[in-house]
Structure formats: C-alpha cells, structure tokens
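Participant: Next comes the structure file coords03.txt, holding compact mmCIF, C-alpha atoms.
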```
# COMPACT_ATOMS: atom_id res chain seq x y z
CA MET A 25 0.00 0.00 0.00
CA GLU A 26 1.36 3.41 -0.97
CA PHE A 27 0.70 6.35 1.31
CA THR A 28 2.16 9.54 2.71
CA TYR A 29 1.71 10.53 6.34
CA SER A 30 1.71 13.58 8.54
CA ILE A 31 1.53 14.21 12.29
CA ARG A 32 -0.65 16.76 14.06
CA LYS A 33 -2.08 17.50 17.50
CA ALA A 34 -5.25 15.58 18.31
CA THR A 35 -8.50 17.47 18.85
CA VAL A 36 -11.75 16.49 20.57
CA LYS A 37 -12.96 15.27 17.16
CA ASP A 38 -10.29 12.54 17.19
CA ALA A 39 -11.60 10.92 20.39
CA GLU A 40 -13.30 7.92 18.73
CA ASP A 41 -10.31 7.21 16.42
CA VAL A 42 -7.84 7.36 19.32
CA ILE A 43 -9.99 5.24 21.67
CA SER A 44 -10.28 2.62 18.94
CA MET A 45 -6.46 2.47 18.70
CA ILE A 46 -6.07 2.42 22.52
CA GLU A 47 -8.29 -0.69 22.49
CA GLU A 48 -6.16 -2.29 19.76
CA LEU A 49 -3.04 -1.59 21.86
CA ALA A 50 -4.72 -3.01 24.99
CA GLU A 51 -5.54 -6.15 23.02
CA TYR A 52 -1.93 -6.42 21.78
CA GLU A 53 -0.72 -6.18 25.40
CA ASN A 54 -3.37 -8.72 26.53
CA MET A 55 -4.97 -6.09 28.76
CA LEU A 56 -8.21 -5.28 26.95
CA ASP A 57 -10.25 -6.15 30.06
CA GLN A 58 -8.41 -3.37 31.95
CA CYS A 59 -9.23 -0.65 29.42
CA LYS A 60 -12.00 1.58 30.80
CA LEU A 61 -11.56 4.72 28.69
CA THR A 62 -14.53 6.15 26.77
CA PRO A 63 -14.58 8.98 24.20
CA GLU A 64 -16.37 11.15 26.80
CA ILE A 65 -13.66 10.63 29.44
CA PHE A 66 -10.97 11.15 26.80
CA ARG A 67 -12.48 14.48 25.74
CA LYS A 68 -12.94 15.69 29.31
CA ASP A 69 -9.48 14.63 30.59
CA GLY A 70 -7.49 15.74 27.55
CA PHE A 71 -9.22 18.86 26.32
CA GLY A 72 -10.95 20.46 29.30
CA GLU A 73 -9.44 22.82 31.85
CA ASP A 74 -6.17 21.53 33.30
CA PRO A 75 -5.69 18.71 30.72
CA ALA A 76 -4.26 15.50 32.17
CA PHE A 77 -2.48 14.49 28.94
CA HIS A 78 -1.54 15.57 25.44
CA CYS A 79 -2.04 13.55 22.29
CA ILE A 80 -0.72 13.68 18.72
CA ILE A 81 -1.93 11.55 15.83
CA ALA A 82 -0.52 10.33 12.52
CA GLU A 83 -2.72 10.54 9.42
CA ALA A 84 -2.03 8.52 6.27
CA LYS A 85 -3.18 9.63 2.81
CA THR A 86 -3.36 7.02 0.08
CA ALA A 87 -2.89 7.64 -3.66
CA THR A 88 -6.67 7.94 -4.05
CA GLY A 89 -6.75 10.76 -1.49
CA VAL A 90 -8.33 8.82 1.38
CA VAL A 91 -7.12 10.14 4.76
CA GLN A 92 -7.14 7.90 7.82
CA THR A 93 -5.89 8.15 11.40
CA VAL A 94 -3.30 5.39 11.70
CA GLY A 95 -1.32 6.08 14.87
CA TYR A 96 -1.13 8.11 18.06
CA ALA A 97 1.22 9.09 20.86
CA LEU A 98 -0.07 10.13 24.27
CA TYR A 99 2.22 11.93 26.71
CA TYR A 100 2.27 14.23 29.75
CA TYR A 101 4.76 16.22 31.77
CA ILE A 102 6.43 14.75 34.83
CA TYR A 103 9.06 16.04 37.25
CA SER A 104 12.48 14.85 38.28
CA THR A 105 13.89 16.28 41.50
CA PHE A 106 17.29 15.91 39.84
CA LYS A 107 16.50 17.25 36.38
CA GLY A 108 13.32 19.35 36.64
CA ARG A 109 10.46 19.22 34.12
CA ASN A 110 10.45 16.13 31.90
CA VAL A 111 8.15 14.31 29.54
CA TYR A 112 6.61 10.83 29.84
CA LEU A 113 5.39 8.93 26.81
CA GLU A 114 2.49 6.82 28.05
CA ASP A 115 1.53 5.20 24.72
CA VAL A 116 2.71 5.07 21.15
CA TYR A 117 0.81 2.97 18.62
CA VAL A 118 0.59 2.47 14.85
CA LYS A 119 -2.06 0.37 13.15
CA LYS A 120 -0.61 -2.86 11.78
CA PRO A 121 -0.87 -2.20 8.00
CA TYR A 122 1.01 1.09 8.45
CA ARG A 123 3.98 -0.20 10.46
CA LYS A 124 7.59 -0.38 9.23
CA HIS A 125 7.32 3.04 7.59
CA GLY A 126 8.83 5.09 10.42
CA ILE A 127 5.51 6.43 11.73
CA GLY A 128 6.02 5.18 15.31
CA GLY A 129 9.54 6.63 15.36
CA ASP A 130 8.28 9.96 14.01
CA LEU A 131 5.48 10.08 16.60
CA MET A 132 8.11 9.55 19.31
CA LYS A 133 10.45 12.13 17.74
CA THR A 134 7.61 14.66 17.58
CA VAL A 135 7.09 14.20 21.33
CA ALA A 136 10.86 14.70 21.77
CA LYS A 137 10.71 17.95 19.78
CA ILE A 138 7.74 19.27 21.77
CA ALA A 139 9.45 18.25 25.04
CA ILE A 140 12.59 20.20 24.13
CA GLU A 141 10.48 23.26 23.26
CA LYS A 142 8.88 22.95 26.72
CA GLY A 143 12.29 22.88 28.42
CA CYS A 144 12.44 19.17 29.26
CA SER A 145 15.82 17.46 29.51
CA GLN A 146 14.65 13.88 30.00
CA TYR A 147 12.14 11.69 28.15
CA ARG A 148 10.88 8.62 29.99
CA PHE A 149 8.75 5.69 28.88
CA ALA A 150 8.26 1.99 29.57
CA CYS A 151 8.40 -1.16 27.46
CA LEU A 152 7.50 -4.79 28.08
CA GLY A 153 10.54 -7.07 28.15
CA TRP A 154 9.03 -9.56 25.68
CA ASN A 155 8.71 -6.82 23.09
CA SER A 156 12.34 -7.25 22.07
CA GLY A 157 11.86 -5.62 18.67
CA ALA A 158 10.71 -2.41 20.33
CA LEU A 159 13.43 -2.59 23.01
CA ASP A 160 16.11 -3.02 20.33
CA PHE A 161 14.71 -0.04 18.38
CA TYR A 162 14.64 2.19 21.47
CA LYS A 163 18.22 1.32 22.35
CA SER A 164 19.35 1.85 18.74
CA VAL A 165 18.07 5.43 18.87
CA GLY A 166 19.81 6.28 22.16
CA ALA A 167 17.34 5.36 24.91
CA ARG A 168 18.73 3.72 28.05
CA ASP A 169 17.06 0.73 29.66
CA MET A 170 17.19 1.85 33.31
CA THR A 171 15.80 -1.48 34.49
CA ASN A 172 18.83 -3.22 32.99
CA ILE A 173 21.38 -0.50 33.79
CA GLU A 174 20.39 0.54 37.34
CA ASP A 175 17.85 -2.19 38.23
CA TRP A 176 14.90 0.19 38.53
CA HIS A 177 11.62 -1.61 39.22
CA MET A 178 8.19 -0.17 38.40
CA LEU A 179 5.70 -0.54 41.22
CA ARG A 180 2.06 0.30 41.59
CA PHE A 181 -0.95 0.11 43.85
CA GLU A 182 -4.13 -0.80 42.01
CA LYS A 183 -7.47 0.58 43.19
CA VAL A 184 -8.30 -1.87 46.00
CA GLU A 185 -4.79 -1.81 47.46
CA LEU A 186 -4.63 2.00 47.07
CA HIS A 187 -7.76 2.43 49.20
CA ASP A 188 -6.55 -0.13 51.73
CA PHE A 189 -3.14 1.59 51.98
CA ALA A 190 -4.65 5.08 52.41
CA SER A 191 -6.95 3.81 55.16
CA LYS A 192 -3.91 2.87 57.25
CA LEU A 193 -2.63 6.44 57.58
CA GLY A 194 -1.35 6.98 61.13
CA LYS A 195 -1.37 3.25 61.90
CA LYS A 196 1.68 1.00 61.89
CA MET B 147 15.16 10.29 70.60
CA GLU B 148 11.54 10.91 71.49
CA PHE B 149 9.41 12.92 69.10
CA THR B 150 5.96 13.29 67.62
CA TYR B 151 5.43 14.06 63.95
CA SER B 152 2.86 15.56 61.64
CA ILE B 153 2.50 15.89 57.87
CA ARG B 154 1.49 19.02 55.95
CA LYS B 155 1.68 20.48 52.45
CA ALA B 156 4.99 22.15 51.64
CA THR B 157 5.08 25.90 50.95
CA VAL B 158 7.67 28.09 49.20
CA LYS B 159 9.27 28.62 52.62
CA ASP B 160 10.19 24.92 52.77
CA ALA B 161 12.32 25.06 49.59
CA GLU B 162 15.73 25.02 51.32
CA ASP B 163 14.74 22.21 53.72
CA VAL B 164 13.37 20.05 50.89
CA ILE B 165 16.34 20.67 48.57
CA SER B 166 18.68 19.67 51.37
CA MET B 167 16.80 16.35 51.71
CA ILE B 168 16.73 15.84 47.91
CA GLU B 169 20.53 16.12 48.01
CA GLU B 170 20.73 13.58 50.83
CA LEU B 171 18.54 11.20 48.79
CA ALA B 172 20.70 11.75 45.69
CA GLU B 173 23.77 10.90 47.74
CA TYR B 174 22.09 7.74 49.07
CA GLU B 175 21.32 6.70 45.47
CA ASN B 176 24.88 7.58 44.38
CA MET B 177 23.52 10.23 42.02
CA LEU B 178 24.50 13.48 43.73
CA ASP B 179 26.36 14.64 40.60
CA GLN B 180 23.05 14.45 38.66
CA CYS B 181 21.12 16.66 41.06
CA LYS B 182 20.68 20.14 39.54
CA LEU B 183 17.72 21.47 41.51
CA THR B 184 18.03 24.84 43.33
CA PRO B 185 15.60 26.46 45.79
CA GLU B 186 14.73 29.02 43.06
CA ILE B 187 13.80 26.32 40.51
CA PHE B 188 11.91 24.39 43.20
CA ARG B 189 9.83 27.46 44.11
CA LYS B 190 9.13 28.33 40.46
CA ASP B 191 8.24 24.79 39.33
CA GLY B 192 6.20 23.78 42.36
CA PHE B 193 4.41 26.95 43.44
CA GLY B 194 3.99 29.12 40.35
CA GLU B 195 1.24 28.96 37.75
CA ASP B 196 0.69 25.44 36.42
CA PRO B 197 2.78 23.67 39.12
CA ALA B 198 4.82 20.73 37.84
CA PHE B 199 4.68 18.81 41.12
CA HIS B 200 3.19 18.71 44.61
CA CYS B 201 5.11 18.22 47.83
CA ILE B 202 4.25 17.29 51.40
CA ILE B 203 6.63 17.33 54.35
CA ALA B 204 6.89 15.63 57.72
CA GLU B 205 7.80 17.71 60.76
CA ALA B 206 9.07 16.21 64.00
CA LYS B 207 8.69 17.90 67.38
CA THR B 208 10.96 16.80 70.22
CA ALA B 209 10.12 16.85 73.94
CA THR B 210 11.83 20.25 74.24
CA GLY B 211 9.50 21.69 71.57
CA VAL B 212 12.03 21.92 68.73
CA VAL B 213 10.35 21.44 65.33
CA GLN B 214 12.33 20.18 62.35
CA THR B 215 11.52 19.10 58.80
CA VAL B 216 12.53 15.44 58.67
CA GLY B 217 10.97 13.99 55.51
CA TYR B 218 9.19 14.76 52.26
CA ALA B 219 7.19 13.15 49.48
CA LEU B 220 7.05 14.68 46.00
CA TYR B 221 4.37 13.57 43.54
CA TYR B 222 2.44 14.60 40.43
CA TYR B 223 -0.51 13.44 38.40
CA ILE B 224 -0.07 11.13 35.42
CA TYR B 225 -2.48 9.46 33.02
CA SER B 226 -3.23 5.86 32.12
CA THR B 227 -5.12 5.29 28.87
CA PHE B 228 -6.62 2.26 30.62
CA LYS B 229 -7.40 3.78 34.01
CA GLY B 230 -7.55 7.58 33.58
CA ARG B 231 -5.98 10.04 36.05
CA ASN B 232 -3.39 8.54 38.39
CA VAL B 233 -0.69 9.63 40.76
CA TYR B 234 3.07 9.11 40.56
CA LEU B 235 5.27 9.28 43.65
CA GLU B 236 8.62 10.61 42.43
CA ASP B 237 10.43 10.73 45.79
CA VAL B 238 9.86 9.79 49.39
CA TYR B 239 12.58 10.40 51.94
CA VAL B 240 13.04 10.48 55.70
CA LYS B 241 16.19 11.71 57.42
CA LYS B 242 18.15 8.84 58.94
CA PRO B 243 17.67 9.55 62.69
CA TYR B 244 13.88 9.65 62.15
CA ARG B 245 13.47 6.37 60.26
CA LYS B 246 11.72 3.24 61.57
CA HIS B 247 8.91 5.31 63.10
CA GLY B 248 6.43 4.99 60.24
CA ILE B 249 7.04 8.48 58.80
CA GLY B 250 7.92 7.24 55.28
CA GLY B 251 4.85 5.02 55.23
CA ASP B 252 2.63 7.86 56.45
CA LEU B 253 4.03 10.21 53.80
CA MET B 254 3.17 7.58 51.17
CA LYS B 255 -0.27 6.98 52.69
CA THR B 256 -0.96 10.72 52.70
CA VAL B 257 -0.22 10.79 48.95
CA ALA B 258 -2.61 7.83 48.57
CA LYS B 259 -5.33 9.72 50.43
CA ILE B 260 -4.87 12.86 48.33
CA ALA B 261 -4.82 10.75 45.13
CA ILE B 262 -8.16 9.12 46.04
CA GLU B 263 -9.66 12.56 46.75
CA LYS B 264 -8.49 13.62 43.28
CA GLY B 265 -10.18 10.60 41.66
CA CYS B 266 -7.08 8.52 40.95
CA SER B 267 -7.37 4.74 40.85
CA GLN B 268 -3.70 3.85 40.47
CA TYR B 269 -0.56 4.92 42.35
CA ARG B 270 2.74 4.33 40.61
CA PHE B 271 6.34 4.67 41.77
CA ALA B 272 9.75 3.13 41.21
CA CYS B 273 12.32 1.44 43.43
CA LEU B 274 15.90 0.30 42.93
CA GLY B 275 16.29 -3.49 43.00
CA TRP B 276 19.14 -3.40 45.54
CA ASN B 277 16.89 -1.58 48.00
CA SER B 278 15.35 -4.86 49.11
CA GLY B 279 14.15 -3.50 52.46
CA ALA B 280 12.04 -0.90 50.64
CA LEU B 281 10.82 -3.42 48.04
CA ASP B 282 9.74 -5.82 50.79
CA PHE B 283 7.90 -3.02 52.60
CA TYR B 284 6.09 -1.90 49.42
CA LYS B 285 4.99 -5.45 48.66
CA SER B 286 3.88 -5.99 52.28
CA VAL B 287 1.49 -3.03 51.98
CA GLY B 288 -0.06 -4.20 48.70
CA ALA B 289 2.06 -2.68 45.93
CA ARG B 290 2.78 -4.85 42.89
CA ASP B 291 6.25 -5.03 41.35
CA MET B 292 5.29 -4.70 37.66
CA THR B 293 8.89 -5.29 36.58
CA ASN B 294 8.76 -8.73 38.21
CA ILE B 295 5.12 -9.52 37.37
CA GLU B 296 4.84 -8.28 33.76
CA ASP B 297 8.50 -7.58 32.92
CA TRP B 298 8.03 -3.82 32.47
CA HIS B 299 11.29 -1.99 31.77
CA MET B 300 11.83 1.72 32.48
CA LEU B 301 13.51 3.53 29.60
CA ARG B 302 14.70 7.07 29.14
CA PHE B 303 16.46 9.45 26.81
CA GLU B 304 18.87 11.76 28.63
CA LYS B 305 19.49 15.29 27.34
CA VAL B 306 22.06 14.61 24.59
CA GLU B 307 20.19 11.59 23.20
CA LEU B 308 16.86 13.45 23.45
CA HIS B 309 18.17 16.26 21.23
CA ASP B 310 19.77 13.80 18.83
CA PHE B 311 16.54 11.78 18.59
CA ALA B 312 14.35 14.88 18.00
CA SER B 313 16.70 16.06 15.24
CA LYS B 314 15.97 12.88 13.26
CA LEU B 315 12.24 13.65 12.81
CA GLY B 316 11.20 12.72 9.26
CA LYS B 317 14.42 10.75 8.66
CA LYS B 318 14.69 6.97 8.88
```
Would you encode the structure as structure tokens?

Facilitator:
Amino acid sequence: MEFTYSIRKATVKDAEDVISMIEELAEYENMLDQCKLTPEIFRKDGFGEDPAFHCIIAEAKTATGVVQTVGYALYYYIYSTFKGRNVYLEDVYVKKPYRKHGIGGDLMKTVAKIAIEKGCSQYRFACLGWNSGALDFYKSVGARDMTNIEDWHMLRFEKVELHDFASKLGKK
Amino acid sequence: MEFTYSIRKATVKDAEDVISMIEELAEYENMLDQCKLTPEIFRKDGFGEDPAFHCIIAEAKTATGVVQTVGYALYYYIYSTFKGRNVYLEDVYVKKPYRKHGIGGDLMKTVAKIAIEKGCSQYRFACLGWNSGALDFYKSVGARDMTNIEDWHMLRFEKVELHDFASKLGKK
C-alpha cells in the first residue's frame, strides 16, 4: 500500500479514532479487560481545563486521497527532582498495516521535539521485556534501559490496594 | 530520641529544607552529581502557575519543643489510557535519625489519600532493586512489582540523546 503521512495534535474530534487504537493496543498487550476509557472521558481529561495528557496523531493519505488516522502518541509532563520538568510517553501505537514506515519513530520524535520546546531534559517511557523488537529499536536510537542498567523496578498500587493503603494512615 | 510528627503540604518557605533532603537522597542513590535542583527552581516549578509537582513534608517535634523538617514526598498526576488520572510518587525520603517510626509510610499513605480525593485509581512509583528492604515493605502493603510480574522496563532518553533523537524527525 502506498501512502504519505503527517503528524498533528489531536483534537476532541479525534476521540473515537484514538480510543479505537487504545483498544487495539490493549488487546496487543493482553490487557483489553483493563481498558475503561470512553470517548467522553478522553475528551474531558485531555481537552478540558487543566488537561491530564496531550495527544498527537498520525494521518495517512493514500494515492486515491483517502485520509485515515493510523497512529497516536499520548504523553504528559512529569518532574524529576534531579532534572526538573520532563516528559513521559504513556503510549505510542501504529495500526498494523502502516507499520515499518517510520511512523512510530516519528510520533516519538515529535514528542521529543515538543518536550525540548517545553524545556524538558529527559524523556521517559516503559516497554514490556518480551517486546524485544521495540526494546532493540529504542536502544538503537539512544534510549537507556534503566531497568537493565540501574535495576529500577516499576511498582504500583491498584485501586483496592490503594484504598486499603490510604486507610492505614497513622497506623503502623 | 523521642518525638511526635505531623505531615502538611509544603510551601515556598520549605524550599531550602526540601532541597537539602533531595541532596541527601541523591547521595544515598549515588547520584548526587546528577542533582541540579536549586531552591529558586523548586519554588518556580512547584508553586507558580501550572505547578509541575506537589510536595508534602513531615515535621518532627521533640520533647523540648524543637520542630524540624525530617521527611518529604514529591508527587504529580499522570495518566493511564486504561485507568484515567493517576498519581506518581517521584520521591519519598526520611532523614536517617527519624526512620523506623512509620514516617515514610505515612508520607506515602498521605499521597494515597490525596490521590483518592483527586479521583485517581492507580498509584505508581519506582524502586531500585538493591533496596530490598524498601521493596519488601512496598509489597507488604499491597504494591505490585510490575517489573517482576509483567517484565516492564523503564527507559529514558537523557538530554544529549533526546536532542539527537528529536533532530531525526522525518528521517529513517
């Protein structure tokens, strides 16, 4: 399939297209049952006052002029007490027929460019260990695997444990 | 040493005390050379318009009435495309003479409480693998080690690689 592509900021009108890709990604990661996002929540959290995230999308245009949303990157700003303001890439995804054309890399590079404009000096993200193709790509473009290098572990409380933990404030 | 402690939100006046503890933490993690934060940056980034982080501190009061800042937790809000708004604990630290009294746990639980009030359903943070005492504590209070369970790796571009990566936008 021949196509050209371009990247632009997502708008509220892209909610359905992005949610559909988030569900494809969740399925790829075997986590579809965990995915609770709706277009309404997406619009409210990303485009209301005090947006919780930012999103860019890739659009492909075929020779016949058909334009389709084929990828997205979702990111937000985080903070390092060593380095100051930084960026975190939560998701990057390209629909299967459009892979191997550099779209995923360009989505990630666009986030890098925006992050630099915003004064960030560090760009963090996560990757599953079994996704060795992605890990190899990230390393080939200069990313460091901090889990391998410094043995950083990612931890989290899920909802039930979060509530249980908070309820123990002031108790041993 | 006998003391009581309480936890409150940090203000601009706490900048020097918190920076001093951030430097102690950096030294403990053998990363003091990477720590570039100043009280001025801390005040601007945390207490200006659009704050990049939130900070709470623990104060200890001895029997003689002396009050001292002895710990802090620094956190910000992140976003999961599966779960919506969440919280990330960037740092938690307690000065050595005040450890083993539950202050670190209470700082973390206070962040959990605030996160629930803000509608978060997930609480993420990271821990170095060699810090087995901390890892054991986190697991004992319900946190899941996603690096062990799902093989998540933490990756990052540092400044030089970030600029190099961004400069390759549109190139293979």

Participant: I'd like the interatomic distance between CA of Gly265 in chain B and CA of Tyr225 in chain B, to a tenth of an Å.

Facilitator: 11.6 Å

Participant: For chain B against chain A, which residues fall within 7 Å using only C-alpha atoms, given as a PyMOL selection string?

Facilitator: chain B and resi 180-183+198-199+222+224-225+227-231+248+252+255-256+258-259+267-275+287-293+297-305+307-308+311-312+315-316+318

Participant: What does the distance between CA of Phe193 in chain B and CA of Thr157 in chain B come to in Å, to one decimal place?

Facilitator: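 These atoms are spaced 7.6 Å apart.
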
Participant: Quick one: everything within 9 Å of range 159-161 of chain B, counting all atoms listed in the file, minus sequence neighbours fewer than 5 positions away in the same chain. Send it as an MDAnalysis selection string.

Facilitator: chainID B and resid 166 184:186 188:189 203 215

Participant: Quick check, in Å to one decimal: how far apart do CA of Glu83 in chain A and CA of Arg32 in chain A lie?

Facilitator: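 For CA of Glu83 in chain A relative to CA of Arg32 in chain A, the distance reads 8.0 Å.
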
Participant: Using only C-alpha atoms, can you tell me which of A:Phe161, A:Lys124, A:Thr28, A:Leu49 comes closest to Tyr96 in chain A?

Facilitator: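 Between A:Phe161, A:Lys124, A:Thr28, A:Leu49, the residue approaching Tyr96 in chain A most closely is A:Leu49.
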
Participant: May I have the centre and edge lengths, in Å to one decimal, of an axis-aligned box around the listed atoms of range 170-173 of chain B with 6 Å added to every side, as lines of an AutoDock Vina configuration file?

Facilitator:
```
center_x = 21.2
center_y = 12.2
center_z = 48.3
size_x = 17.2
size_y = 14.7
size_z = 17.1
```

Participant: Could you list as a ChimeraX atom specification every residue that has an atom within 6 Å of (12.5, 10.9, 50.7), using the file's coordinates and counting only C-alpha atoms?

Facilitator: /B:217-219,237-240

Participant: Show which residues sit within 12 Å of range 208-213 of chain B, as a list of chain:residue names. Count all atoms listed in the file, and ignore same-chain residues fewer than 6 positions away.

Facilitator: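 Everything that qualifies: B:Met147, B:Glu148, B:Phe149, B:Thr150, B:Tyr151, B:Ser152, B:Tyr244.
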